[in-house]
file run-v7.cif (mmCIF, C-alpha atoms)
data_structure
loop_
_atom_site.label_atom_id
_atom_site.label_comp_id
_atom_site.auth_asym_id
_atom_site.auth_seq_id
_atom_site.Cartn_x
_atom_site.Cartn_y
_atom_site.Cartn_z
CA MET A 183 62.96 166.68 178.95
CA ILE A 184 62.05 169.85 177.11
CA ARG A 185 60.58 172.95 178.71
CA ARG A 186 59.08 175.73 176.63
CA GLU A 187 57.09 178.83 177.37
CA ILE A 188 54.24 179.32 174.89
CA THR A 189 51.83 182.25 174.51
CA ILE A 190 48.30 181.15 173.62
CA GLU A 191 47.21 182.72 170.36
CA LEU A 192 43.98 180.78 169.84
CA ALA A 193 41.29 183.41 169.24
CA LYS A 194 38.97 182.09 171.92
CA GLY A 195 41.68 180.90 174.30
CA LEU A 196 41.33 177.41 175.72
CA GLU A 197 37.56 177.17 175.73
CA ALA A 198 35.90 173.75 175.78
CA ARG A 199 36.07 173.02 172.06
CA PRO A 200 39.70 174.12 171.57
CA VAL A 201 40.62 172.10 174.67
CA ALA A 202 39.07 169.00 173.09
CA VAL A 203 41.21 169.51 169.98
CA PHE A 204 44.30 170.30 172.05
CA VAL A 205 43.95 167.10 174.06
CA GLN A 206 43.59 165.17 170.83
CA VAL A 207 46.80 166.73 169.48
CA ALA A 208 48.67 165.98 172.72
CA SER A 209 47.41 162.40 172.84
CA GLN A 210 49.15 161.60 169.55
CA TYR A 211 52.51 161.56 171.33
CA ASP A 212 53.85 158.85 173.58
CA CYS A 213 55.87 161.15 175.85
CA SER A 214 54.39 162.73 178.92
CA ILE A 215 53.24 166.33 178.41
CA ILE A 216 52.55 168.67 181.30
CA VAL A 217 51.08 172.15 181.04
CA GLU A 218 51.97 174.61 183.78
CA TYR A 219 49.79 177.65 184.22
CA ARG A 220 49.95 179.97 187.23
CA ASP A 221 50.35 177.57 190.13
CA LYS A 222 48.79 174.55 188.42
CA ARG A 223 50.36 171.56 186.68
CA VAL A 224 48.07 169.57 184.43
CA ASN A 225 48.49 166.55 182.16
CA ALA A 226 47.96 167.81 178.60
CA LYS A 227 46.18 164.57 177.67
CA SER A 228 43.50 165.06 180.31
CA ILE A 229 40.44 166.86 179.00
CA MET A 230 38.95 167.75 182.38
CA GLY A 231 42.34 168.85 183.64
CA MET A 232 42.95 171.18 180.71
CA MET A 233 39.45 172.54 180.92
CA SER A 234 39.91 173.40 184.60
CA LEU A 235 42.62 175.92 183.70
CA GLY A 236 40.44 178.36 181.75
CA ILE A 237 43.28 180.00 179.81
CA ALA A 238 42.55 183.11 177.74
CA GLN A 239 44.20 184.27 174.52
CA GLY A 240 47.48 186.08 175.20
CA GLU A 241 48.25 184.19 178.41
CA LYS A 242 51.44 182.22 178.85
CA VAL A 243 51.81 178.56 179.74
CA THR A 244 54.86 176.38 180.19
CA VAL A 245 54.86 173.06 178.40
CA LEU A 246 57.07 170.24 179.71
CA ALA A 247 57.52 167.16 177.56
CA ASP A 248 59.45 164.11 178.64
CA GLY A 249 59.94 160.97 176.58
CA PRO A 250 61.22 159.61 173.28
CA ASP A 251 59.16 161.92 171.04
CA GLU A 252 59.36 165.01 173.27
CA LYS A 253 60.73 167.23 170.50
CA ALA A 254 57.89 166.46 168.12
CA ALA A 255 55.41 166.76 170.95
CA VAL A 256 56.46 170.25 171.98
CA ALA A 257 56.49 171.35 168.34
CA GLY A 258 53.02 169.88 167.73
CA VAL A 259 51.53 171.38 170.87
CA GLU A 260 53.08 174.77 170.17
CA LYS A 261 51.82 174.73 166.61
CA TYR A 262 48.28 174.27 167.80
CA LEU A 263 48.42 176.74 170.69
CA THR A 264 49.90 179.44 168.49
CA SER A 265 47.49 178.91 165.62
CA LYS A 266 44.78 181.54 165.29
CA GLU A 267 42.26 178.93 164.13
CA MET B 169 5.51 144.69 148.19
CA GLU B 170 1.80 144.53 148.87
CA ALA B 171 0.37 147.53 150.64
CA LYS B 172 -0.32 147.01 154.33
CA TYR B 173 -3.84 146.36 155.46
CA VAL B 174 -5.84 145.31 158.50
CA ARG B 175 -8.61 142.76 158.28
CA LEU B 176 -11.96 144.05 159.45
CA ASP B 177 -12.59 141.11 161.80
CA GLU B 178 -9.47 142.14 163.74
CA ILE B 179 -10.79 145.68 164.08
CA ALA B 180 -14.23 144.47 165.14
CA LYS B 181 -12.71 142.12 167.70
CA ARG B 182 -10.27 144.71 169.03
CA PHE B 183 -12.97 147.32 169.70
CA GLY B 184 -16.02 145.12 170.23
CA TYR B 185 -17.97 146.35 167.18
CA HIS B 186 -21.01 144.23 166.24
CA ASN B 187 -21.56 143.09 162.69
CA LEU B 188 -25.02 144.12 161.44
CA THR B 189 -24.36 142.29 158.18
CA PRO B 190 -23.51 138.72 159.28
CA GLU B 191 -23.89 137.59 155.65
CA ILE B 192 -20.52 139.22 154.98
CA ASP B 193 -17.31 137.55 156.21
CA LEU B 194 -15.38 140.33 157.94
CA HIS B 195 -12.14 138.36 157.64
CA GLU B 196 -12.27 138.88 153.87
CA VAL B 197 -12.58 142.68 154.18
CA LYS B 198 -9.21 144.45 154.08
CA ILE B 199 -8.79 148.03 155.23
CA TYR B 200 -5.86 149.79 153.57
CA HIS B 201 -6.54 153.33 154.71
CA ARG B 202 -5.79 154.53 158.22
CA ASN B 203 -8.14 157.48 157.97
CA ILE B 204 -11.95 157.58 158.19
CA ASN B 205 -14.60 159.67 156.52
CA ARG B 206 -17.79 161.12 157.95
CA PRO B 207 -20.19 160.66 154.99
CA ALA B 208 -22.32 163.71 155.85
CA PHE B 209 -21.24 165.61 152.70
CA GLN B 210 -21.87 162.58 150.51
CA LEU B 211 -25.35 162.11 151.95
CA THR B 212 -26.14 165.66 150.86
CA GLY B 213 -25.00 164.68 147.37
CA TYR B 214 -21.51 166.19 147.26
CA TYR B 215 -18.98 163.63 145.96
CA ASP B 216 -15.92 165.69 144.96
CA TYR B 217 -12.83 164.60 146.90
CA PHE B 218 -14.54 161.43 148.11
CA ASP B 219 -11.99 158.77 149.04
CA ASN B 220 -13.71 155.40 148.77
CA LEU B 221 -10.86 153.53 150.49
CA ARG B 222 -11.87 154.91 153.85
CA VAL B 223 -14.20 153.42 156.42
CA GLN B 224 -17.34 155.57 156.69
CA VAL B 225 -18.16 156.56 160.26
CA VAL B 226 -21.78 157.51 160.82
CA GLY B 227 -22.77 159.51 163.88
CA GLN B 228 -25.52 161.66 165.21
CA ALA B 229 -25.11 164.37 162.54
CA GLU B 230 -25.67 162.00 159.59
CA HIS B 231 -28.51 160.28 161.45
CA GLU B 232 -30.37 163.51 162.19
CA TYR B 233 -29.81 164.84 158.68
CA ILE B 234 -31.25 161.70 157.02
CA LYS B 235 -34.36 162.08 159.18
CA THR B 236 -35.03 165.48 157.58
CA LEU B 237 -35.17 163.95 154.08
CA GLU B 238 -38.19 162.50 152.27
CA PRO B 239 -37.96 158.67 152.55
CA GLU B 240 -37.40 158.15 148.81
CA VAL B 241 -34.71 160.86 148.72
CA ALA B 242 -32.96 159.26 151.69
CA ARG B 243 -33.06 155.91 149.89
CA GLU B 244 -31.52 157.40 146.74
CA ARG B 245 -28.76 159.04 148.75
CA PHE B 246 -27.87 155.74 150.42
CA GLU B 247 -27.97 153.93 147.09
CA LYS B 248 -25.51 156.41 145.63
CA LEU B 249 -23.25 156.11 148.70
CA PHE B 250 -23.19 152.30 148.66
CA SER B 251 -22.51 152.26 144.92
CA CYS B 252 -19.14 153.92 145.66
CA GLY B 253 -17.75 150.68 147.04
CA PHE B 254 -16.12 151.84 150.28
CA PRO B 255 -14.76 149.04 152.49
CA ALA B 256 -17.11 149.30 155.49
CA ALA B 257 -19.43 151.53 157.46
CA LEU B 258 -19.34 152.00 161.21
CA ILE B 259 -22.39 153.34 163.00
CA CYS B 260 -21.87 154.93 166.40
CA ARG B 261 -23.97 155.85 169.44
CA GLY B 262 -26.12 152.72 169.09
CA ILE B 263 -28.00 154.27 166.18
CA LYS B 264 -30.18 151.69 164.42
CA PRO B 265 -30.10 151.93 160.63
CA GLN B 266 -33.29 151.39 158.59
CA PRO B 267 -33.67 147.76 157.41
CA TYR B 268 -33.35 148.88 153.76
CA VAL B 269 -29.91 150.35 154.52
CA ILE B 270 -28.69 146.97 155.77
CA GLU B 271 -30.20 145.27 152.71
CA MET B 272 -28.40 147.68 150.40
CA ALA B 273 -25.14 147.12 152.24
CA VAL B 274 -25.41 143.34 151.90
CA LYS B 275 -26.36 143.65 148.23
CA ASN B 276 -23.22 145.74 147.63
CA GLY B 277 -21.04 143.48 149.78
CA ILE B 278 -20.26 146.30 152.19
CA PRO B 279 -20.32 145.34 155.88
CA ILE B 280 -21.89 147.58 158.52
CA LEU B 281 -20.51 147.54 162.04
CA ALA B 282 -22.22 149.12 165.02
CA THR B 283 -21.19 150.33 168.45
CA GLU B 284 -22.68 152.12 171.44
CA LYS B 285 -19.60 154.36 171.76
CA THR B 286 -19.63 158.04 170.84
CA THR B 287 -18.42 159.04 167.39
CA ALA B 288 -15.49 161.08 168.72
CA LEU B 289 -14.24 158.16 170.78
CA VAL B 290 -14.62 155.72 167.89
CA ILE B 291 -12.69 157.96 165.51
CA THR B 292 -9.89 158.51 168.03
CA GLU B 293 -9.44 154.84 168.87
CA PHE B 294 -9.71 153.81 165.23
CA LEU B 295 -7.12 156.32 163.99
CA ARG B 296 -4.69 155.59 166.77
CA TRP B 297 -4.83 151.86 166.32
CA MET B 298 -4.78 151.95 162.53
CA ASN B 299 -1.77 154.27 162.60
CA GLU B 300 0.09 151.68 164.61
CA GLN B 301 -1.06 148.74 162.51
CA LEU B 302 -0.24 150.41 159.20
CA ALA B 303 2.97 152.05 160.43
CA GLU B 304 6.08 151.82 158.31
CA THR B 305 8.33 149.08 159.67
CA ALA B 306 11.93 147.95 159.42
CA THR B 307 14.10 145.35 161.09
CA PHE B 308 17.36 146.24 162.73
CA HIS B 309 20.19 144.12 164.09
CA GLY B 310 20.91 144.88 167.70
CA VAL B 311 19.57 144.71 171.20
CA LEU B 312 16.72 146.86 172.43
CA ALA B 313 16.61 147.48 176.16
CA ASN B 314 14.67 149.94 178.24
CA VAL B 315 16.96 151.69 180.71
CA TYR B 316 15.38 154.09 183.23
CA GLY B 317 12.52 154.55 180.77
CA GLU B 318 14.76 155.34 177.80
CA GLY B 319 14.67 152.88 174.92
CA ILE B 320 18.27 152.12 174.00
CA LEU B 321 19.07 150.37 170.75
CA ILE B 322 22.50 148.75 171.13
CA THR B 323 24.20 148.05 167.82
CA GLY B 324 27.63 146.89 166.70
CA PRO B 325 29.37 144.01 164.92
CA SER B 326 28.50 140.49 166.02
CA GLY B 327 30.55 139.22 168.92
CA ILE B 328 31.24 142.68 170.38
CA GLY B 329 29.09 142.02 173.44
CA LYS B 330 25.62 143.39 172.79
CA SER B 331 23.86 140.44 174.38
CA GLU B 332 26.27 140.41 177.34
CA ALA B 333 25.48 144.08 177.85
CA ALA B 334 21.78 143.23 177.71
CA ILE B 335 22.11 140.56 180.41
CA GLU B 336 24.10 142.91 182.61
CA LEU B 337 21.46 145.59 182.20
CA ILE B 338 18.78 143.09 183.17
CA LYS B 339 20.72 142.10 186.27
CA ARG B 340 20.87 145.78 187.18
CA GLY B 341 17.08 146.03 187.06
CA HIS B 342 16.44 147.16 183.49
CA ARG B 343 14.28 145.52 180.84
CA LEU B 344 15.00 143.63 177.68
CA VAL B 345 12.76 144.14 174.66
CA ALA B 346 14.60 142.26 171.92
CA ASP B 347 17.90 140.49 171.35
CA ASP B 348 19.66 140.36 167.99
CA LEU B 349 16.73 141.41 165.81
CA VAL B 350 14.43 144.32 166.57
CA GLU B 351 11.24 145.07 164.66
CA ILE B 352 10.85 148.81 164.49
CA SER B 353 7.72 150.65 163.51
CA LYS B 354 7.21 154.35 163.02
CA VAL B 355 4.04 154.81 165.05
CA SER B 356 3.96 158.56 164.55
CA GLU B 357 6.01 161.28 162.90
CA ASP B 358 8.25 161.58 165.94
CA LEU B 359 8.16 158.15 167.53
CA LEU B 360 9.79 154.84 166.73
CA ARG B 361 8.75 151.78 168.65
CA GLY B 362 10.59 148.49 168.79
CA LYS B 363 9.61 144.99 169.71
CA SER B 364 10.95 141.50 169.38
CA PRO B 365 9.97 139.11 166.61
CA VAL B 366 7.43 136.72 168.18
CA LEU B 367 9.63 133.66 167.75
CA THR B 368 12.69 134.96 169.57
CA LYS B 369 10.88 136.98 172.25
CA ASN B 370 12.47 136.78 175.72
CA PHE B 371 15.43 134.77 174.42
CA VAL B 372 19.03 135.91 174.44
CA GLU B 373 21.97 134.19 172.80
CA LEU B 374 25.25 134.31 174.71
CA ARG B 375 28.45 133.16 173.02
CA GLY B 376 29.59 129.94 174.63
CA LEU B 377 26.38 129.39 176.60
CA GLY B 378 23.81 129.25 173.87
CA VAL B 379 20.26 130.47 174.20
CA VAL B 380 18.85 131.49 177.58
CA ASP B 381 15.26 132.37 178.43
CA VAL B 382 15.44 135.72 180.18
CA MET B 383 11.86 135.72 181.42
CA SER B 384 12.08 132.32 183.11
CA LEU B 385 15.55 133.05 184.52
CA PHE B 386 15.03 136.61 185.73
CA GLY B 387 11.27 137.06 185.83
CA VAL B 388 8.60 139.20 184.27
CA GLU B 389 10.24 142.34 185.65
CA SER B 390 13.18 141.80 183.30
CA ILE B 391 11.26 142.02 180.04
CA MET B 392 9.14 144.49 178.18
CA GLU B 393 6.85 143.95 175.19
CA TYR B 394 7.45 147.27 173.44
CA SER B 395 9.69 150.25 173.95
CA PRO B 396 10.08 153.58 172.22
CA ILE B 397 13.53 154.04 170.72
CA ASP B 398 15.17 157.12 172.23
CA MET B 399 18.84 156.54 171.57
CA ILE B 400 21.31 154.36 169.71
CA ILE B 401 24.48 153.10 171.37
CA SER B 402 26.86 151.83 168.77
CA LEU B 403 29.60 149.60 170.16
CA GLU B 404 32.89 149.26 168.33
CA GLU B 405 36.33 147.83 168.86
CA TRP B 406 38.62 150.38 170.53
CA ASP B 407 40.83 151.83 167.85
CA GLY B 408 43.73 154.03 168.96
CA THR B 409 43.67 156.07 165.77
CA THR B 410 40.01 157.12 165.92
CA SER B 411 39.24 160.10 168.08
CA TYR B 412 36.11 159.65 170.18
CA ASP B 413 33.70 162.30 171.33
CA ARG B 414 35.27 163.77 174.43
CA LEU B 415 32.82 166.54 175.25
CA GLY B 416 29.43 165.40 173.99
CA LEU B 417 28.65 168.87 172.69
CA GLN B 418 27.78 167.70 169.25
CA ASP B 419 25.14 165.03 168.84
CA GLU B 420 25.56 162.40 166.18
CA TYR B 421 22.44 160.91 164.62
CA GLU B 422 21.39 157.85 162.72
CA GLU B 423 18.32 157.81 160.57
CA ILE B 424 15.79 155.02 160.98
CA LEU B 425 12.63 155.11 158.86
CA GLY B 426 13.28 158.78 158.23
CA LEU B 427 13.57 159.76 161.90
CA LYS B 428 16.84 161.00 163.36
CA ILE B 429 17.85 159.16 166.51
CA VAL B 430 20.72 160.34 168.74
CA LYS B 431 23.66 158.00 168.47
CA HIS B 432 26.69 157.53 170.70
CA THR B 433 29.63 155.48 169.54
CA ILE B 434 31.26 153.72 172.47
CA PRO B 435 34.70 152.16 172.05
CA ILE B 436 35.02 148.79 173.77
CA ARG B 437 38.10 147.72 175.65
CA PRO B 438 38.38 144.85 178.09
CA GLY B 439 37.39 146.04 181.53
CA ARG B 440 35.05 148.83 180.42
CA ASN B 441 31.78 148.37 182.20
CA LEU B 442 29.29 148.66 179.39
CA ALA B 443 26.12 148.48 181.43
CA ILE B 444 27.17 151.45 183.56
CA ILE B 445 28.10 153.47 180.47
CA ILE B 446 24.72 152.68 178.90
CA GLU B 447 22.87 153.59 182.11
CA THR B 448 24.72 156.89 182.28
CA ALA B 449 23.98 157.63 178.62
CA ALA B 450 20.30 156.92 179.28
CA VAL B 451 19.95 159.25 182.27
CA ASN B 452 22.04 161.91 180.56
CA ASN B 453 19.70 161.76 177.58
CA ARG B 454 16.74 162.16 179.92
CA GLN B 455 18.39 165.13 181.54
CA LYS B 456 18.97 166.71 178.14
CA LYS B 457 15.28 166.29 177.33
CA MET B 458 14.54 168.08 180.60
CA GLY B 459 16.59 170.99 179.30
CA TYR B 460 19.98 170.59 180.99
CA ASN B 461 23.04 169.79 178.89
CA ALA B 462 26.05 169.05 181.09
CA ALA B 463 28.59 169.45 178.27
CA GLN B 464 27.16 172.84 177.37
CA GLU B 465 27.20 173.90 181.03
CA LEU B 466 30.90 173.04 181.39
CA CYS B 467 31.63 174.80 178.11
CA ASP B 468 29.90 177.96 179.38
CA ARG B 469 31.71 177.82 182.71
CA VAL B 470 35.12 177.64 181.04
CA THR B 471 34.20 180.51 178.71
CA ARG B 472 33.08 182.67 181.66
CA GLU B 473 36.30 181.89 183.51
CA ILE B 474 38.41 182.90 180.50
CA HIS B 475 36.60 186.23 180.23
CA LYS B 476 37.19 186.80 183.91
CA HIS B 477 40.95 186.26 183.43
CA LYS B 478 40.95 188.72 180.57
CA SER B 479 39.27 191.47 182.57
CA GLU B 480 41.57 190.86 185.56
CA GLU B 481 44.68 191.44 183.45
CA PRO B 482 43.88 194.14 180.95
CA GLY B 483 47.57 194.91 180.27
CA LEU B 484 48.40 191.39 179.18
CA GLU B 485 47.53 191.60 175.51
CA LYS B 486 49.24 194.99 175.09
CA THR B 487 52.56 193.73 176.50
CA ASP B 488 52.42 190.86 174.05
CA ASN B 489 52.03 193.10 171.07
CA LYS B 490 55.13 195.12 171.82
#

call {"tool": "encode", "arguments": {"input": "run-v7.cif", "output": "structure tokens"}}
result
Amino acid sequence: MIRREITIELAKGLEARPVAVFVQVASQYDCSIIVEYRDKRVNAKSIMGMMSLGIAQGEKVTVLADGPDEKAAVAGVEKYLTSKE
Amino acid sequence: MEAKYVRLDEIAKRFGYHNLTPEIDLHEVKIYHRNINRPAFQLTGYYDYFDNLRVQVVGQAEHEYIKTLEPEVARERFEKLFSCGFPAALICRGIKPQPYVIEMAVKNGIPILATEKTTALVITEFLRWMNEQLAETATFHGVLANVYGEGILITGPSGIGKSEAAIELIKRGHRLVADDLVEISKVSEDLLRGKSPVLTKNFVELRGLGVVDVMSLFGVESIMEYSPIDMIISLEEWDGTTSYDRLGLQDEYEEILGLKIVKHTIPIRPGRNLAIIIETAAVNNRQKKMGYNAAQELCDRVTREIHKHKSEEPGLEKTDNK
């Protein structure tokens, strides 16, 4: 299990369209990926779940990945969340 | 390909026009042009831009004008008109033409039809019907069903379950228009209409069962002669590597006869209830036409929420930049 704090750098934050891309990125991995934000824990592969968070640029989330490809997953998710787009 | 036409006897039968020239066989007269002409200008002697493929519709205006002419002048004008070889004349409002006009028509092999209806009504019904008859057509593989009033064209490779989806839709109270092959015509610049080929109408082929007659099994309520085509649902095998539309913000289209029709690609996996997905797509499409787009609404909500977060924590971005 890997746990990493990531600051969202996406220009528009996690609006609907970026969320759709994010979920697609997360779904490429077999391991479980959880995003923690404030007091919520959401499955990163769930589009409605991720959308319900409403995260702005500059806010911090904690990503927890657990499974065989957890390393790659955290790296992939971080790469997207920290891209400016 | 030969240009499309309508035989005049069909038109006469459809609208109850009488033939004033029984010497001419209306079945042999082919109308290629969907538009009509009021020959008022030509009767005054002006022939520029005259299209002799059109049916000439004579009404009160032409009738009253001819009455103002000297008899021999009127005769000359008609002679000139009939020499142009238009396909047919249609006289409205029960106006009775002079016997010499009918003679001239017969001599030139041009039929004259007559009706009691008003000219405006005749032109409207003629144009509307001819537009449909001469519409551009194409055939399309798929199922056409009418779901909550929306015409849904279901496409996809053979064996994926189009016909099964059709039967399920019927059992849920919707209507089948065509199975396997749909004849589509472009009845206007923004409307496609589909129907079944006559031979296969009301029949559905189900793998393993063979052909079933939907109308005799499920009744008249389960079928529909024609339906507009509002949306395409394209079924395909679920493929883990393809990413499917998750939001529905961007519409995909497919072009049929030059018209863009909204298309949704639905991945199929055992256990997915196709009929319910198609029903939902149909009502959602209706709702969009009414001006409400659910995907856009959710998008806006999330954006508003994000802006709220930003204004609640103005110091956040600054701390990050340090």

call {"tool": "residues_around", "arguments": {"input": "run-v7.cif", "residues": "Leu344 in chain B", "least_positions_apart": "6", "cutoff": "6 Å", "atoms": "all atoms listed in the file", "output": "PyMOL selection string"}}
result
chain B and resi 313+391-392

call {"tool": "resolve_selection", "arguments": {"input": "run-v7.cif", "expression": "the PyMOL selection byres ((chain A) within 7 of (chain B))", "output": "CSV table (one decimal) with C-alpha atoms, in the coordinates of the input"}}
result
chain,number,residue,atom,x,y,z
A,197,GLU,CA,37.6,177.2,175.7
A,198,ALA,CA,35.9,173.8,175.8
A,202,ALA,CA,39.1,169.0,173.1
A,233,MET,CA,39.4,172.5,180.9
A,236,GLY,CA,40.4,178.4,181.8
A,237,ILE,CA,43.3,180.0,179.8
A,238,ALA,CA,42.6,183.1,177.7
A,240,GLY,CA,47.5,186.1,175.2

call {"tool": "resolve_selection", "arguments": {"input": "run-v7.cif", "expression": "the PyMOL selection byres ((chain B and resi 314) around 7)", "output": "ChimeraX atom specification"}}
result
/B:312-313,315-320,342-344,395

call {"tool": "closest_atom_pairs", "arguments": {"input": "run-v7.cif", "of": "range 258-279 of chain B", "to": "range 194-210 of chain B", "cutoff": "12 Å", "atoms": "all atoms listed in the file", "output": "CSV"}}
result
residue,atom,partner,partner_atom,distance
B:Leu258,CA,B:Ile204,CA,9.7
B:Ile259,CA,B:Arg206,CA,10.4
B:Cys260,CA,B:Arg206,CA,11.2
B:Gly277,CA,B:Val197,CA,9.6
B:Ile278,CA,B:Val197,CA,8.7
B:Pro279,CA,B:Leu194,CA,7.3

call {"tool": "closest_residue", "arguments": {"input": "run-v7.cif", "among": "B:Ser364, B:Thr323, B:Thr410, B:Ser479", "to": "Ser209 in chain A", "atoms": "only C-alpha atoms"}}
result
B:Thr410

call {"tool": "resolve_selection", "arguments": {"input": "run-v7.cif", "expression": "the PyMOL selection byres ((chain A and resi 253) around 12)", "output": "short mmCIF file (atom, residue, chain, number, x, y, z; two decimals) with C-alpha atoms, in the frame of the given file"}}
result
data_model
loop_
_atom_site.label_atom_id
_atom_site.label_comp_id
_atom_site.auth_asym_id
_atom_site.auth_seq_id
_atom_site.Cartn_x
_atom_site.Cartn_y
_atom_site.Cartn_z
CA MET A 183 62.96 166.68 178.95
CA ILE A 184 62.05 169.85 177.11
CA ARG A 185 60.58 172.95 178.71
CA ARG A 186 59.08 175.73 176.63
CA TYR A 211 52.51 161.56 171.33
CA ASP A 212 53.85 158.85 173.58
CA CYS A 213 55.87 161.15 175.85
CA SER A 214 54.39 162.73 178.92
CA ILE A 215 53.24 166.33 178.41
CA VAL A 245 54.86 173.06 178.40
CA LEU A 246 57.07 170.24 179.71
CA ALA A 247 57.52 167.16 177.56
CA ASP A 248 59.45 164.11 178.64
CA GLY A 249 59.94 160.97 176.58
CA PRO A 250 61.22 159.61 173.28
CA ASP A 251 59.16 161.92 171.04
CA GLU A 252 59.36 165.01 173.27
CA ALA A 254 57.89 166.46 168.12
CA ALA A 255 55.41 166.76 170.95
CA VAL A 256 56.46 170.25 171.98
CA ALA A 257 56.49 171.35 168.34
CA GLY A 258 53.02 169.88 167.73
CA VAL A 259 51.53 171.38 170.87
CA GLU A 260 53.08 174.77 170.17
#

call {"tool": "closest_residue", "arguments": {"input": "run-v7.cif", "among": "B:Thr287, B:Thr189, B:Ser390, B:Gln418", "to": "Glu271 in chain B", "atoms": "only C-alpha atoms"}}
result
B:Thr189

call {"tool": "closest_residue", "arguments": {"input": "run-v7.cif", "among": "B:Asp348, B:Glu447, B:Glu336, B:Glu357", "to": "Val372 in chain B", "atoms": "only C-alpha atoms"}}
result
B:Asp348

call {"tool": "residues_around", "arguments": {"input": "run-v7.cif", "residues": "range 231-242 of chain B", "least_positions_apart": "2", "cutoff": "12 Å", "atoms": "all atoms listed in the file", "output": "number ranges by chain"}}
result
B: 206-213, 225-229, 244-249, 259-266, 268-269, 287

call {"tool": "atom_distance", "arguments": {"input": "run-v7.cif", "atom1": "CA of Thr244 in chain A", "atom2": "CA of Glu465 in chain B"}}
result
27.8 Å

call {"tool": "atom_distance", "arguments": {"input": "run-v7.cif", "atom1": "CA of Phe254 in chain B", "atom2": "CA of Ala306 in chain B"}}
result
29.8 Å

call {"tool": "atom_distance", "arguments": {"input": "run-v7.cif", "atom1": "CA of Phe204 in chain A", "atom2": "CA of Asp419 in chain B"}}
result
20.1 Å

call {"tool": "residues_around", "arguments": {"input": "run-v7.cif", "residues": "Pro200 in chain A", "least_positions_apart": "4", "cutoff": "10 Å", "atoms": "all atoms listed in the file", "output": "PyMOL selection string"}}
result
chain A and resi 192-196+204-206+233+262-263+267
